[in-house]
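Colleague: Structure file target31.cif (mmCIF, C-alpha atoms and all ligand atoms) right here:
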```
data_run
#
loop_
_atom_site.label_atom_id
_atom_site.label_comp_id
_atom_site.auth_asym_id
_atom_site.auth_seq_id
_atom_site.Cartn_x
_atom_site.Cartn_y
_atom_site.Cartn_z
CA MET A 7 -10.56 24.07 25.23
CA SER A 8 -10.90 27.77 24.74
CA ALA A 9 -12.90 27.79 21.51
CA GLY A 10 -14.85 24.74 22.61
CA SER A 11 -17.80 26.56 24.04
CA GLU A 12 -18.77 28.45 20.90
CA PRO A 13 -22.02 27.01 19.53
CA ASP A 14 -21.75 25.27 16.18
CA HIS A 15 -24.44 27.38 14.55
CA GLU A 16 -22.37 30.48 15.20
CA LEU A 17 -19.20 29.21 13.66
CA LEU A 18 -21.17 27.72 10.79
CA SER A 19 -22.91 30.99 9.99
CA LEU A 20 -19.52 32.66 9.99
CA TRP A 21 -18.07 29.92 7.85
CA LEU A 22 -20.93 30.00 5.34
CA SER A 23 -21.29 33.78 5.31
CA GLY A 24 -19.85 34.08 1.82
CA ASP A 25 -17.20 36.49 3.04
CA SER A 26 -13.85 34.79 2.53
CA LYS A 27 -12.25 36.28 5.62
CA LYS A 28 -15.15 35.34 7.88
CA SER A 29 -15.37 32.00 6.20
CA GLU A 30 -11.75 31.25 7.02
CA GLN A 31 -12.36 32.30 10.60
CA GLY A 32 -15.36 30.01 10.89
CA PHE A 33 -13.44 27.05 9.53
CA THR A 34 -10.47 27.76 11.80
CA ARG A 35 -12.71 27.89 14.84
CA ALA A 36 -14.42 24.66 13.88
CA TYR A 37 -10.99 23.08 13.52
CA HIS A 38 -9.88 24.19 16.95
CA LYS A 39 -13.12 23.13 18.51
CA TYR A 40 -13.08 19.60 17.11
CA GLN A 41 -9.51 18.66 16.18
CA ALA A 42 -8.81 17.12 19.58
CA ARG A 43 -11.92 14.97 19.37
CA ILE A 44 -10.93 13.61 15.97
CA MET A 45 -7.26 13.25 16.96
CA SER A 46 -8.13 11.38 20.15
CA LEU A 47 -10.64 9.06 18.51
CA ALA A 48 -8.28 8.38 15.62
CA LEU A 49 -5.42 7.70 17.99
CA ARG A 50 -7.47 5.17 19.95
CA ILE A 51 -8.70 3.52 16.78
CA THR A 52 -5.41 3.36 14.88
CA GLY A 53 -3.08 3.25 17.88
CA ASP A 54 -0.66 5.46 15.97
CA HIS A 55 0.02 9.19 16.40
CA SER A 56 1.12 9.94 12.90
CA ALA A 57 -1.81 8.03 11.40
CA ALA A 58 -4.13 9.95 13.70
CA GLY A 59 -2.66 13.25 12.48
CA ASP A 60 -3.32 12.18 8.89
CA VAL A 61 -6.89 11.31 9.82
CA VAL A 62 -7.42 14.79 11.28
CA GLN A 63 -6.07 16.29 8.09
CA GLU A 64 -8.27 14.22 5.77
CA THR A 65 -11.30 14.78 7.95
CA PHE A 66 -11.10 18.57 7.97
CA ILE A 67 -10.24 18.81 4.30
CA THR A 68 -13.25 16.67 3.49
CA VAL A 69 -15.46 18.70 5.80
CA PHE A 70 -14.21 21.89 4.19
CA GLU A 71 -14.95 20.63 0.71
CA LYS A 72 -18.35 19.21 1.57
CA ILE A 73 -19.69 21.84 3.92
CA HIS A 74 -21.83 23.62 1.34
CA GLY A 75 -23.78 20.46 0.77
CA PHE A 76 -24.24 19.79 4.46
CA ARG A 77 -27.98 19.89 5.04
CA GLY A 78 -28.12 19.30 8.71
CA GLN A 79 -29.79 15.87 8.76
CA SER A 80 -27.53 15.21 11.70
CA LEU A 81 -25.68 17.62 13.96
CA PHE A 82 -22.63 19.23 12.40
CA SER A 83 -20.52 17.70 15.17
CA SER A 84 -21.97 14.25 14.47
CA TRP A 85 -21.36 14.57 10.76
CA LEU A 86 -17.77 15.65 11.29
CA THR A 87 -17.17 12.93 13.87
CA ARG A 88 -18.62 10.28 11.57
CA ILE A 89 -16.29 11.33 8.78
CA GLY A 90 -13.35 11.22 11.19
CA ILE A 91 -14.25 7.74 12.43
CA ASN A 92 -14.60 6.50 8.87
CA PHE A 93 -11.17 7.79 7.94
CA ALA A 94 -9.68 6.29 11.08
CA LEU A 95 -11.20 2.87 10.43
CA GLU A 96 -10.10 3.03 6.82
CA ARG A 97 -6.58 4.00 7.88
CA LYS A 98 -6.40 1.23 10.43
CA ARG A 99 -7.41 -1.31 7.82
CA LYS A 100 -4.81 -0.06 5.37
CA ASP A 101 -2.07 -0.01 7.98
CA SER A 102 -2.89 -3.46 9.26
CA ARG A 103 -2.26 -4.80 5.78
CA LEU A 104 1.23 -3.30 5.86
CA VAL A 105 2.14 -4.32 9.40
CA GLY A 106 3.62 -7.62 8.27
CA PHE A 107 6.10 -5.83 6.05
CA PHE A 108 6.93 -2.84 8.22
CA PRO A 109 6.59 -3.68 11.89
CA LYS A 110 5.67 -0.55 13.80
CA GLY A 111 7.34 0.83 16.90
CA THR A 112 5.55 0.68 20.19
CA GLU A 113 3.01 3.26 21.25
CA ASP A 114 5.50 4.76 23.69
CA GLU A 115 8.18 5.40 21.13
CA GLU A 116 5.66 7.01 18.81
CA SER A 117 4.17 9.36 21.30
CA THR A 118 7.43 11.07 22.15
CA ALA A 119 8.54 11.42 18.59
CA ASP A 120 5.92 13.38 16.72
CA GLY A 121 4.88 16.47 18.60
CA SER A 122 1.27 15.57 19.39
CA GLU A 123 0.38 16.80 22.79
CA ILE A 124 -1.71 15.48 25.61
CA GLU A 125 -4.30 18.21 25.83
CA ASP A 126 -5.26 18.30 29.47
CA LEU A 127 -1.77 17.88 30.82
CA ARG A 128 0.47 20.43 29.18
CA GLY A 129 2.76 21.88 31.78
CA SER A 130 2.58 18.87 34.08
CA SER A 131 5.80 17.45 35.51
CA PRO A 132 7.89 14.92 33.56
CA GLU A 133 7.11 12.31 36.21
CA GLN A 134 3.39 12.89 35.82
CA GLN A 135 3.71 12.76 32.05
CA SER A 136 5.47 9.45 32.18
CA VAL A 137 2.77 8.04 34.47
CA ASP A 138 0.16 9.32 32.03
CA ARG A 139 1.90 7.65 29.12
CA GLU A 140 2.06 4.41 31.03
CA PHE A 141 -1.64 4.70 31.84
CA GLU A 142 -2.49 5.36 28.21
CA ALA A 143 -0.42 2.45 26.99
CA ALA A 144 -2.10 0.13 29.50
CA VAL A 145 -5.57 1.25 28.42
CA GLN A 146 -4.68 1.20 24.74
CA SER A 147 -3.61 -2.42 24.91
CA ILE A 148 -7.00 -3.28 26.38
CA ILE A 149 -8.96 -1.15 23.90
CA GLN A 150 -7.19 -2.89 21.06
CA ARG A 151 -8.81 -6.16 22.02
CA LEU A 152 -12.29 -4.81 21.37
CA SER A 153 -13.60 -5.01 17.85
CA ASP A 154 -14.25 -1.68 16.19
CA LYS A 155 -17.99 -1.50 16.64
CA TYR A 156 -17.69 -1.86 20.40
CA LYS A 157 -14.58 0.25 20.68
CA VAL A 158 -16.15 3.20 18.87
CA VAL A 159 -19.27 3.19 21.03
CA VAL A 160 -17.24 3.07 24.24
CA LEU A 161 -14.97 5.89 23.08
CA LEU A 162 -17.84 8.13 22.05
CA ARG A 163 -19.82 7.50 25.20
CA TYR A 164 -17.09 7.52 27.84
CA MET A 165 -14.04 9.26 26.41
CA GLU A 166 -15.96 11.93 24.49
CA GLU A 167 -18.86 11.82 26.94
CA LEU A 168 -21.55 12.06 24.28
CA SER A 169 -25.13 11.25 25.16
CA TYR A 170 -26.74 8.09 23.77
CA GLU A 171 -28.66 10.26 21.33
CA GLU A 172 -25.48 11.91 20.11
CA VAL A 173 -23.71 8.56 19.73
CA ALA A 174 -26.69 7.32 17.75
CA ASP A 175 -26.57 10.46 15.61
CA VAL A 176 -22.87 9.96 14.89
CA LEU A 177 -23.29 6.31 13.95
CA GLN A 178 -26.70 6.71 12.37
CA CYS A 179 -28.22 3.91 14.33
CA SER A 180 -30.88 3.71 17.01
CA VAL A 181 -30.36 4.57 20.67
CA GLY A 182 -31.33 0.99 21.43
CA THR A 183 -28.47 -0.28 19.30
CA VAL A 184 -26.05 2.05 21.06
CA LYS A 185 -27.16 0.70 24.41
CA SER A 186 -26.96 -2.89 23.38
CA ARG A 187 -23.45 -2.36 22.02
CA LEU A 188 -22.41 -0.71 25.25
CA ASN A 189 -23.89 -3.58 27.16
CA ARG A 190 -21.82 -6.04 25.18
CA ALA A 191 -18.72 -3.89 25.52
CA HIS A 192 -19.09 -3.84 29.29
CA LYS A 193 -19.40 -7.61 29.28
CA MET A 194 -16.26 -7.98 27.17
CA LEU A 195 -14.30 -5.55 29.30
CA GLU A 196 -15.44 -7.05 32.56
CA GLY A 197 -12.51 -7.47 34.91
CA THR A 198 -9.94 -6.08 32.49
CA LEU A 199 -9.75 -2.50 33.76
CA GLY A 200 -9.85 -3.22 37.48
CA PRO A 201 -6.07 -3.70 37.66
CA VAL A 202 -5.52 -0.44 35.76
CA VAL A 203 -7.78 1.42 38.15
CA GLU A 204 -5.88 -0.05 41.09
CA LYS A 205 -2.43 0.55 39.69
CA PHE A 206 -3.06 4.19 38.86
CA GLY A 207 -5.04 4.92 41.98
CA LEU A 208 -8.22 5.91 40.20
CA ARG A 209 -10.62 4.26 42.61
CA SER A 210 -11.89 7.09 44.77
CA GLN A 211 -14.21 4.96 46.85
CA PRO A 212 -14.01 1.27 47.66
CA THR A 213 -17.60 0.60 46.68
CA THR A 214 -19.15 2.04 43.58
CA SER A 215 -22.75 3.00 43.39
CA ALA A 216 -24.57 3.48 40.15
CA ASN A 217 -24.88 7.21 40.77
CA GLU A 218 -21.19 7.76 40.22
CA LEU A 219 -21.41 6.64 36.65
CA MET B 1 -35.62 -8.87 40.49
CA ASN B 2 -32.85 -11.13 39.28
CA CYS B 3 -29.70 -11.12 37.19
CA LYS B 4 -31.79 -11.05 34.04
CA THR B 5 -33.59 -7.88 35.07
CA LEU B 6 -30.29 -6.13 35.61
CA LYS B 7 -28.97 -7.38 32.30
CA LEU B 8 -32.02 -5.97 30.59
CA HIS B 9 -31.64 -2.51 32.12
CA PHE B 10 -27.89 -2.54 32.65
CA VAL B 11 -26.86 0.59 30.74
CA ASP B 12 -29.80 2.62 32.01
CA PHE B 13 -29.09 1.48 35.52
CA LEU B 14 -25.47 2.60 35.22
CA ASP B 15 -26.68 6.02 34.13
CA GLY B 16 -29.25 6.20 36.88
CA SER B 17 -31.99 6.62 34.29
CA VAL B 18 -34.23 3.75 35.41
CA LYS B 19 -37.46 4.41 37.30
CA PRO B 20 -36.96 4.81 41.06
CA SER B 21 -38.98 1.70 41.87
CA LEU B 22 -36.92 -0.40 39.46
CA LYS B 23 -33.71 1.15 40.68
CA GLU B 24 -34.48 0.22 44.24
CA GLY B 25 -35.25 -3.35 43.29
CA LEU B 26 -32.08 -3.64 41.24
CA GLU B 27 -29.94 -2.20 43.98
CA GLN B 28 -31.39 -4.74 46.36
CA HIS B 29 -30.58 -7.54 43.98
CA ILE B 30 -27.05 -6.27 43.45
CA SER B 31 -26.36 -6.09 47.14
CA SER B 32 -27.19 -9.77 47.42
CA CYS B 33 -25.65 -11.01 44.17
CA PRO B 34 -21.84 -11.05 43.94
CA LYS B 35 -21.90 -11.66 40.19
CA CYS B 36 -23.99 -8.59 39.44
CA ARG B 37 -22.01 -6.56 41.93
CA GLN B 38 -18.87 -7.47 40.02
CA SER B 39 -20.49 -6.44 36.71
CA VAL B 40 -21.54 -3.06 38.05
CA ALA B 41 -18.14 -2.41 39.64
CA SER B 42 -16.40 -3.34 36.42
CA ALA B 43 -18.66 -1.02 34.42
CA ALA B 44 -17.77 1.77 36.83
CA ASP B 45 -14.11 1.06 36.09
CA VAL B 46 -14.73 1.32 32.36
CA SER B 47 -16.34 4.69 32.82
CA THR B 48 -13.61 5.92 35.17
CA VAL B 49 -10.76 4.82 32.96
CA PHE B 50 -12.15 6.17 29.70
CA ARG B 51 -13.04 9.51 31.22
CA ARG B 52 -9.49 9.77 32.49
CA LEU B 53 -7.96 8.91 29.15
CA PRO B 54 -6.04 12.00 28.01
CA ARG B 55 -7.28 13.68 24.88
CA HIS B 56 -4.69 14.59 22.30
CA SER B 57 -4.25 17.63 20.14
CA ALA B 58 -3.12 17.24 16.57
CA PRO B 59 0.38 18.62 16.04
CA PRO B 60 0.41 22.18 14.63
CA GLN B 61 1.74 21.06 11.26
CA VAL B 62 -1.53 19.25 10.63
CA PHE B 63 -3.42 22.53 10.48
CA GLN B 64 -0.69 24.03 8.30
CA GLN B 65 -1.08 21.11 5.89
CA ILE B 66 -4.83 21.58 5.83
CA GLN B 67 -4.50 25.26 5.02
CA LYS B 68 -2.07 24.43 2.26
CA ARG B 69 -4.35 21.81 0.75
CA ILE B 70 -7.41 24.02 1.00
CA SER B 71 -5.78 26.99 -0.67
CA ASN B 72 -4.45 24.75 -3.41
CA PRO B 73 -7.31 22.48 -4.47
CA ARG B 74 -5.26 21.15 -7.38
CA THR B 75 -3.59 18.66 -5.10
CA ALA B 76 -6.39 16.14 -5.21
CA PRO B 77 -7.23 14.69 -1.83
CA PRO B 78 -7.06 10.91 -1.74
CA TYR B 79 -10.65 10.48 -0.61
CA LYS B 80 -11.88 11.34 -4.09
CA LEU B 81 -10.14 8.34 -5.47
CA GLN B 82 -11.59 6.21 -2.74
CA LEU B 83 -15.05 7.59 -3.36
CA ARG B 84 -14.81 6.73 -7.02
CA ARG B 85 -13.62 3.25 -6.22
CA LEU B 86 -16.44 2.76 -3.77
CA LEU B 87 -19.03 4.01 -6.19
CA VAL B 88 -18.05 1.54 -8.86
CA PRO B 89 -19.86 -1.47 -7.40
CA VAL B 90 -22.96 0.62 -6.76
CA ALA B 91 -23.00 2.15 -10.18
CA GLY B 92 -21.93 -1.15 -11.68
CA ALA B 93 -23.93 -2.49 -14.55
CA ALA B 94 -26.07 0.58 -15.01
CA ALA B 95 -22.97 2.66 -15.62
CA LEU B 96 -21.79 0.28 -18.26
CA ILE B 97 -25.14 0.30 -20.03
CA LEU B 98 -25.38 4.08 -19.90
CA ALA B 99 -21.84 4.44 -21.11
CA LEU B 100 -22.54 2.16 -24.03
CA VAL B 101 -25.77 3.97 -24.87
CA SER B 102 -24.11 7.35 -24.71
CA LEU B 103 -21.30 6.13 -26.93
CA GLU B 104 -23.90 4.92 -29.36
CA ILE B 105 -25.69 8.25 -29.68
CA SER B 106 -22.88 10.74 -29.23
CA SER B 107 -19.36 10.89 -30.58
CA PRO B 108 -17.01 8.08 -29.52
CA ASN B 109 -14.85 10.61 -27.69
CA ALA B 110 -17.63 11.78 -25.42
CA PRO B 111 -16.52 12.16 -21.79
CA VAL B 112 -17.96 8.87 -20.63
CA ARG B 113 -17.40 9.49 -16.96
CA GLU B 114 -19.42 12.70 -17.00
CA VAL B 115 -22.30 10.97 -18.72
CA VAL B 116 -22.24 8.19 -16.19
CA PHE B 117 -22.23 10.43 -13.20
CA ILE B 118 -24.99 12.69 -14.41
CA ASP B 119 -27.37 10.27 -16.07
CA ILE B 120 -27.02 7.30 -13.84
CA ASP B 121 -29.14 8.97 -11.22
CA ARG B 122 -32.31 8.14 -13.09
CA ASP B 123 -31.72 4.41 -13.01
CA LEU B 124 -30.92 4.18 -9.35
CA ASN B 125 -33.38 3.34 -6.65
CA SER B 126 -33.94 5.84 -3.89
CA HIS B 127 -31.49 4.15 -1.55
CA GLN B 128 -28.69 4.26 -4.11
CA LYS B 129 -29.50 7.90 -4.88
CA GLU B 130 -29.27 8.68 -1.24
CA LEU B 131 -25.86 7.07 -1.12
CA LEU B 132 -24.65 9.03 -4.12
CA ASN B 133 -25.94 12.28 -2.72
CA SER B 134 -24.83 11.61 0.80
CA MET B 135 -22.36 13.94 2.44
CA ASP B 136 -20.43 11.01 3.75
CA PRO B 137 -17.31 10.32 1.68
CA PHE B 138 -17.66 6.64 2.49
CA ALA B 139 -21.35 6.64 1.81
CA THR B 140 -21.37 3.35 -0.03
CA ILE B 141 -20.11 1.78 3.16
CA SER B 142 -21.63 3.98 5.77
CA ALA B 143 -20.35 4.15 9.30
CA ALA B 144 -23.26 1.97 10.28
CA ASP B 145 -22.25 -0.68 7.74
CA LEU B 146 -18.62 -0.51 8.72
CA LEU B 147 -19.50 -1.03 12.32
CA GLY B 148 -22.05 -3.72 11.69
CA PHE B 149 -25.02 -1.71 12.87
CA THR B 150 -27.12 -2.67 9.93
CA GLU B 151 -27.80 -6.18 11.11
CA GLU B 152 -29.58 -5.84 14.39
CA ASN B 153 -29.26 -9.38 15.66
CA GLU B 154 -26.67 -9.37 18.37
CA ARG B 155 -24.64 -12.54 18.26
CA ASP B 156 -21.99 -13.17 20.81
CA THR B 157 -19.28 -13.50 18.23
CA PRO B 158 -17.01 -10.48 18.26
CA THR B 159 -14.04 -11.03 15.98
CA ASP B 160 -11.37 -10.09 18.46
CA LYS B 161 -12.96 -10.80 21.73
CA GLY B 162 -11.40 -9.47 24.91
CA LYS B 163 -9.92 -12.16 27.08
ZN ZN C 1 -27.39 -11.09 39.84
#
```
Have the structure of the file written as structure tokens, please.
Modeller:
Amino acid sequence: MSAGSEPDHELLSLWLSGDSKKSEQGFTRAYHKYQARIMSLALRITGDHSAAGDVVQETFITVFEKIHGFRGQSLFSSWLTRIGINFALERKRKDSRLVGFFPKGTEDEESTADGSEIEDLRGSSPEQQSVDREFEAAVQSIIQRLSDKYKVVVLLRYMEELSYEEVADVLQCSVGTVKSRLNRAHKMLEGTLGPVVEKFGLRSQPTTSANEL
Amino acid sequence: MNCKTLKLHFVDFLDGSVKPSLKEGLEQHISSCPKCRQSVASAADVSTVFRRLPRHSAPPQVFQQIQKRISNPRTAPPYKLQLRRLLVPVAGAAALILALVSLEISSPNAPVREVVFIDIDRDLNSHQKELLNSMDPFATISAADLLGFTEENERDTPTDKGK
């Protein structure tokens, strides 16, 4: 992520400078900094690439239209992420109502068809890419079994690697609630990911100490 | 130290953010308790797997669409419709009353919706005002509501429980 390191207050001051050229620059940078976060969360929530793309679109249009009223009660990133999650959940609900009428293709078919890219792995070999897709599909089928409130907390904490405070800021709940949800999520996932770790050779050491988390 | 102690501090233990004395005790317990060892190992797997999960970039046409929509605000984004729909139950009866009152005092062709959205503010309690003024397009069902964070009591009844 090239633009990822630019602090939010800098791109916001550009964006809100009142100068249309600078403003466009600020928005564009914010988009490039956060689009992958929203895309990835939306993809895990909806399980569908094209739906996730729509979510990114709605999220950034909303953020663009609402930015002048943003008063900073939460971090800009939290606010944006919250809007993205809301759109993703909304989209998932809508789509699930239609599933009976229009059965969707599998995750694998979708991911090759629509041009969304795996961020970290561009340029990797076709073999590696196919392993990655298989890994994703395996994890996705497990994620799907979690209800949304647990899924979202796990994704924010472990996939996006946000701190408890940031997760709480996104979801506007207490840190204690975040922790208790994570606790429950761990309980529900217990034993399910071991086979995935084995199959894809992710276990670096046979015994895991708490420090590695 | 027992299984219950670990359960109580589980997430903090995973992060290594428990006090050293507690950590030592918990580690001792874990080394002698297969059940807790299994829980900790499984939690490590969760962390490993999710951190490895590839992140995706939106396809380039998404940004092109956004630019198009932004430069042409006449194409109304769908969230506005949703917002209006969501506001209806909140505004509810008060809106109706205000609309009727405004029809009474002004001409019958008065833009009712404008009246409702400006004047209704006065009759709302502070929570409802907050919702109306919130930056969140789904304010009337906030993320916290959607995700069930508003009721704190943790029951073991997830709707689609993992196997
Ligand atoms: Zn134990």
Colleague: Counting all atoms listed in the file, name the residues that have an atom within 6 Å of an atom of ligand ZN 1 (chain C); the answer should be given as an NGL selection string.
Modeller: :B and (2-3 or 33 or 35-36)
Colleague: One number please: atom CA of A:Leu49 to atom CA of A:Gln178, in Å, one decimal.
Modeller: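 Taking atom CA of A:Leu49 and atom CA of A:Gln178, their separation equals 22.0 Å.
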Colleague: If you count all atoms listed in the file, which residues fall within 10 Å of A:Val173, apart from same-chain ones fewer than 6 positions away, as a PyMOL selection string?
Modeller: chain A and resi 84+87-88+158-163+166-167+179-181+184-185
Colleague: Write the residues of the preceding selection, restricted to C-alpha atoms, as a CSV table (one decimal), in the frame of the given file.
Modeller:
```csv
chain,number,residue,atom,x,y,z
A,84,SER,CA,-22.0,14.2,14.5
A,87,THR,CA,-17.2,12.9,13.9
A,88,ARG,CA,-18.6,10.3,11.6
A,158,VAL,CA,-16.2,3.2,18.9
A,159,VAL,CA,-19.3,3.2,21.0
A,160,VAL,CA,-17.2,3.1,24.2
A,161,LEU,CA,-15.0,5.9,23.1
A,162,LEU,CA,-17.8,8.1,22.0
A,163,ARG,CA,-19.8,7.5,25.2
A,166,GLU,CA,-16.0,11.9,24.5
A,167,GLU,CA,-18.9,11.8,26.9
A,179,CYS,CA,-28.2,3.9,14.3
A,180,SER,CA,-30.9,3.7,17.0
A,181,VAL,CA,-30.4,4.6,20.7
A,184,VAL,CA,-26.0,2.0,21.1
A,185,LYS,CA,-27.2,0.7,24.4
```
Colleague: Which residues, protein or nucleic acid, reach to within 8 Å of (-9.2, 17.9, 21.0) in the file's coordinates when using all atoms listed in the file, and can you give that as a PyMOL selection string?
Modeller: (chain A and resi 7+38-46+125) or (chain B and resi 55-58)
Colleague: Nearest to A:Val61: which of A:Leu86, A:Leu199, A:Ala191, A:Leu81 is it, counting all atoms listed in the file?
Modeller: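 Smallest separation from A:Val61 among the options: A:Leu86.
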Colleague: Of the candidates A:Ala143, A:Ile67, A:Leu20, A:Ala57, which shows the shortest atom-to-atom distance to chain B, using only C-alpha atoms?
Modeller: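 Closest to chain B of all the choices is A:Ile67.
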Colleague: Counting all atoms listed in the file, what is within 7 Å of B:Arg51, bar same-chain residues fewer than 4 positions away, as a ChimeraX atom specification?
Modeller: /A:164-165 /B:47
Colleague: Using only C-alpha atoms, find the one residue out of B:Lys4, B:Ser32, B:Glu24, B:Ala44 that sits nearest to chain A.
Modeller: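 Comparing B:Lys4, B:Ser32, B:Glu24, B:Ala44 against chain A, the winner is B:Ala44.
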Colleague: Could you work out how far atom CA of A:Glu196 lies from atom CA of B:Ser42, giving the answer in Å with one decimal?
Modeller: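 One can read the atom CA of B:Ser42 to atom CA of A:Glu196 distance as 5.4 Å.
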Colleague: Using only C-alpha atoms, what residues lie at most 10 Å away from (-8.2, 10.5, 35.5) (file coordinates), given as number ranges by chain?
Modeller: A: 138, 141, 203, 206-209; B: 48-54
Colleague: So the first atom is atom CA of A:Tyr156 and the second is atom CA of A:Phe70; what is the distance between them in Å, to one decimal place?
Modeller: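 Those two atoms sit 29.0 Å apart.
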Colleague: Find the residues near B:Gln65: any atom within 12 Å, counting all atoms listed in the file, skip ones fewer than 2 places away on the same chain, and give them as a list in words.
Modeller: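 Skipping anything fewer than 2 positions along the chain leaves Gly59, Asp60, Val62, Gln63, Glu64, Phe66 and Ile67 of chain A; Ala58, Pro59, Pro60, Gln61, Val62, Phe63, Gln67, Lys68, Arg69, Ile70, Ser71, Asn72, Thr75 and Pro77 of chain B.
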Colleague: Any chance you could export the current selection's C-alpha atoms as a PDB file, in the coordinates of the input?
Modeller:
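What follows is the written file out.pdb:
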```pdb
ATOM      1  CA  GLY A  59      -2.660  13.250  12.480  1.00  0.00           C
ATOM      2  CA  ASP A  60      -3.320  12.180   8.890  1.00  0.00           C
ATOM      3  CA  VAL A  62      -7.420  14.790  11.280  1.00  0.00           C
ATOM      4  CA  GLN A  63      -6.070  16.290   8.090  1.00  0.00           C
ATOM      5  CA  GLU A  64      -8.270  14.220   5.770  1.00  0.00           C
ATOM      6  CA  PHE A  66     -11.100  18.570   7.970  1.00  0.00           C
ATOM      7  CA  ILE A  67     -10.240  18.810   4.300  1.00  0.00           C
TER       8      ILE A  67
ATOM      9  CA  ALA B  58      -3.120  17.240  16.570  1.00  0.00           C
ATOM     10  CA  PRO B  59       0.380  18.620  16.040  1.00  0.00           C
ATOM     11  CA  PRO B  60       0.410  22.180  14.630  1.00  0.00           C
ATOM     12  CA  GLN B  61       1.740  21.060  11.260  1.00  0.00           C
ATOM     13  CA  VAL B  62      -1.530  19.250  10.630  1.00  0.00           C
ATOM     14  CA  PHE B  63      -3.420  22.530  10.480  1.00  0.00           C
ATOM     15  CA  GLN B  67      -4.500  25.260   5.020  1.00  0.00           C
ATOM     16  CA  LYS B  68      -2.070  24.430   2.260  1.00  0.00           C
ATOM     17  CA  ARG B  69      -4.350  21.810   0.750  1.00  0.00           C
ATOM     18  CA  ILE B  70      -7.410  24.020   1.000  1.00  0.00           C
ATOM     19  CA  SER B  71      -5.780  26.990  -0.670  1.00  0.00           C
ATOM     20  CA  ASN B  72      -4.450  24.750  -3.410  1.00  0.00           C
ATOM     21  CA  THR B  75      -3.590  18.660  -5.100  1.00  0.00           C
ATOM     22  CA  PRO B  77      -7.230  14.690  -1.830  1.00  0.00           C
TER      23      PRO B  77
END
```
